[in-house]
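These notes concern the structure reproduced below.
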Amino acid sequence: MPLFSEVKEPYAGVMVKRDVAYGPDPLNRLDVFTPQAPASGGGRMVVIYAHGGRFQTGDKHQRGTIFYDNLMLFLNQHGMVGVNMDYRLAPKNHWPDAQMDMASVVRWVKANIRDYGGDPNRIVLWGQSAGAGLIAGYLSHPEFHTTGGPAVKAAIMLSGSYDNGQGSPYFGNDPQELRERSSVQGMTRVGIPLFISHTEVDLPNAIRQADKLKSALCDAGRCPVYAVFKDHSHMSQVFSVGTPDVSVSGPILQFLTSVQ
């Protein structure tokens, strides 16, 4: 991929559908990125990305920049369909609104992604920071699943928060509710491949959270793929995807290509 300073929209070789509604709220919008090159047999793997922002801020596309389009273009470059989602945020919205939005996006993809060249039976979730916590909340709570499971093949969670013991405008402050809204124990019952990571110079809580979730999963006999990205910060890890620095994108791509 060329340097970001040289990449402008419309992106060559990519079909982009912006702001597709998957629900009634103004934040219930997603973008779909599809390679224009013919698929090499069958539908393409679909990767749904959820941005960070403490469940209070953030956007699927930082206007005037290539971020987070860079993640979608990286997926397209490797033959996958990318779906970039927005979701409801605090203080207007609270648990479980964003997790319900994730469930709605998965349902939308299952019903519509064939129109974009994707395989509805090969869906992977990918998120960073609050987006990783959102994925964990969706996976670990069966009430968000309309069938016998989460209807996805795998999940990638970068620098997430999974046990929100300190409370927040989104999760609330009631100790019992916070325990119920934790993802850690529920994740030990999730039977799909997981990629969990933090960075070398990450936020202290992100490091603790990643280690805690890894330990819980390994204690349950479900050790994830686990990575610590050297020379990266909480944000630089996602900004590096699609650049010549493959220290983050390389392991993620290896994980994606291993998913059956």
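Ordering of the structure tokens sets the chain letters (A, B, ...); residue numbers start at 1 within each chain; ligands are numbered from 1 in the order shown.
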Any chance you could tabulate, as a tab-separated table, the residues of region 30-111 of chain A at most 8 Å from region 137-153 of chain A with each one's nearest atom pair and distance in Å to one decimal, using only C-alpha atoms, in chain and rising number order?
residue	atom	partner	partner_atom	distance
A:Gln99	CA	A:Tyr138	CA	5.3
A:Met100	CA	A:Phe144	CA	6.4
A:Met102	CA	A:Tyr138	CA	6.8
A:Ala103	CA	A:Phe144	CA	6.0
A:Val106	CA	A:Ala151	CA	7.6
Dump of all heavy atoms for the selected residues, as a compact mmCIF listing (two decimals), in the first residue's frame:
# COMPACT_ATOMS: atom_id res chain seq x y z
N GLN A 99 -23.61 -3.28 23.06
CA GLN A 99 -23.56 -4.72 22.82
C GLN A 99 -24.74 -5.16 21.94
O GLN A 99 -24.58 -6.03 21.08
CB GLN A 99 -23.56 -5.47 24.15
CG GLN A 99 -22.23 -5.45 24.89
CD GLN A 99 -21.88 -4.10 25.47
OE1 GLN A 99 -22.74 -3.27 25.70
NE2 GLN A 99 -20.59 -3.88 25.71
N MET A 100 -25.91 -4.55 22.15
CA MET A 100 -27.04 -4.84 21.29
C MET A 100 -26.76 -4.37 19.86
O MET A 100 -27.18 -5.01 18.89
CB MET A 100 -28.29 -4.18 21.85
CG MET A 100 -28.76 -4.79 23.17
SD MET A 100 -30.13 -3.88 23.93
CE MET A 100 -31.42 -4.16 22.71
N MET A 102 -23.75 -4.33 18.46
CA MET A 102 -22.88 -5.35 17.88
C MET A 102 -23.69 -6.53 17.38
O MET A 102 -23.46 -7.04 16.27
CB MET A 102 -21.85 -5.80 18.92
CG MET A 102 -20.97 -6.98 18.49
SD MET A 102 -19.88 -6.58 17.11
CE MET A 102 -18.62 -5.61 17.95
N ALA A 103 -24.66 -6.96 18.17
CA ALA A 103 -25.52 -8.06 17.74
C ALA A 103 -26.28 -7.69 16.48
O ALA A 103 -26.45 -8.52 15.57
CB ALA A 103 -26.48 -8.43 18.86
N VAL A 106 -23.92 -7.91 13.46
CA VAL A 106 -23.70 -9.31 13.07
C VAL A 106 -24.92 -9.83 12.30
O VAL A 106 -24.78 -10.50 11.27
CB VAL A 106 -23.39 -10.18 14.29
CG1 VAL A 106 -23.36 -11.67 13.91
CG2 VAL A 106 -22.04 -9.77 14.91
Could you build a table of the residues in region 53-107 of chain A lying no more than 8 Å from region 13-32 of chain A, giving for each the nearest pair of atoms and their separation in Å rounded to one decimal place, using only C-alpha atoms, ordered by chain and ascending residue number, as a Markdown table?
| residue | atom | partner | partner_atom | distance |
| --- | --- | --- | --- | --- |
| A:Lys60 | CA | A:Leu30 | CA | 7.7 |
| A:Leu73 | CA | A:Val14 | CA | 7.8 |
| A:Asn76 | CA | A:Val14 | CA | 7.3 |
| A:Val81 | CA | A:Val32 | CA | 7.3 |
| A:Gly82 | CA | A:Val32 | CA | 5.8 |
| A:Val83 | CA | A:Val32 | CA | 4.6 |
| A:Asn84 | CA | A:Asp31 | CA | 5.1 |
| A:Met85 | CA | A:Leu30 | CA | 4.3 |
| A:Asp86 | CA | A:Arg29 | CA | 5.7 |
| A:Tyr87 | CA | A:Leu27 | CA | 5.4 |
| A:Arg88 | CA | A:Leu27 | CA | 5.7 |
| A:Asp101 | CA | A:Asn28 | CA | 7.2 |
| A:Ser104 | CA | A:Tyr22 | CA | 6.8 |
| A:Val105 | CA | A:Tyr22 | CA | 6.4 |
Shortest interatomic distance to Gly53 (chain A) - which of A:Gly221, A:Ala132, A:Ile156, A:Val190, counting only C-alpha atoms:
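With only C-alpha atoms as the atom set, the closest residue is A:Ala132.
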Residues flagged strand (DSSP E or B) by DSSP in region 44-198 of chain A, as a ChimeraX atom specification:
/A:44-50,81-85,118-128,154-158,168,172,194-198
Can I get the selected residues back with C-alpha atoms, as an mmCIF file, in the first residue's frame?
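Output saved as part.cif:
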data_model
loop_
_atom_site.group_PDB
_atom_site.id
_atom_site.type_symbol
_atom_site.label_atom_id
_atom_site.label_comp_id
_atom_site.auth_asym_id
_atom_site.auth_seq_id
_atom_site.Cartn_x
_atom_site.Cartn_y
_atom_site.Cartn_z
ATOM 1 C CA ARG A 44 -14.791 -13.597 1.106
ATOM 2 C CA MET A 45 -14.082 -13.627 4.821
ATOM 3 C CA VAL A 46 -15.791 -10.679 6.539
ATOM 4 C CA VAL A 47 -14.113 -8.710 9.338
ATOM 5 C CA ILE A 48 -16.213 -6.339 11.460
ATOM 6 C CA TYR A 49 -14.196 -3.600 13.183
ATOM 7 C CA ALA A 50 -15.240 -1.678 16.324
ATOM 8 C CA VAL A 81 -14.469 -7.677 3.102
ATOM 9 C CA GLY A 82 -14.222 -5.019 5.822
ATOM 10 C CA VAL A 83 -17.186 -3.708 7.804
ATOM 11 C CA ASN A 84 -16.504 -0.660 9.986
ATOM 12 C CA MET A 85 -19.200 0.031 12.578
ATOM 13 C CA GLY A 118 -18.787 -11.652 1.623
ATOM 14 C CA ASP A 119 -19.470 -15.041 3.166
ATOM 15 C CA PRO A 120 -22.040 -14.730 5.991
ATOM 16 C CA ASN A 121 -20.640 -17.884 7.556
ATOM 17 C CA ARG A 122 -17.085 -16.520 7.844
ATOM 18 C CA ILE A 123 -17.345 -13.498 10.129
ATOM 19 C CA VAL A 124 -14.520 -12.320 12.407
ATOM 20 C CA LEU A 125 -14.730 -9.488 14.958
ATOM 21 C CA TRP A 126 -11.836 -7.037 15.475
ATOM 22 C CA GLY A 127 -11.687 -4.196 17.978
ATOM 23 C CA GLN A 128 -9.294 -1.966 19.876
ATOM 24 C CA ALA A 154 -13.085 -15.708 15.710
ATOM 25 C CA ALA A 155 -12.268 -12.435 17.454
ATOM 26 C CA ILE A 156 -9.283 -10.076 17.692
ATOM 27 C CA MET A 157 -9.153 -7.847 20.777
ATOM 28 C CA LEU A 158 -6.397 -5.237 21.103
ATOM 29 C CA SER A 168 -17.895 4.394 33.981
ATOM 30 C CA GLY A 172 -22.543 2.496 35.619
ATOM 31 C CA LEU A 194 -9.280 -15.550 20.174
ATOM 32 C CA PHE A 195 -6.397 -13.134 19.589
ATOM 33 C CA ILE A 196 -5.685 -10.911 22.612
ATOM 34 C CA SER A 197 -2.946 -8.315 22.893
ATOM 35 C CA HIS A 198 -1.595 -5.154 24.442
#
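The space between CA of Thr34 (chain A) and CA of Val225 (chain A) spans 27.2 Å.
You can rank A:His51, A:Lys8, A:Arg179, A:Lys212 by their closest distance to Gly131 (chain A) using only C-alpha atoms, and at the top of that list sits A:His51.
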One number please: CA of Leu217 (chain A) to CA of Arg189 (chain A), in Å, one decimal.
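So the two atoms, CA of Leu217 (chain A) and CA of Arg189 (chain A), lie 8.7 Å apart.
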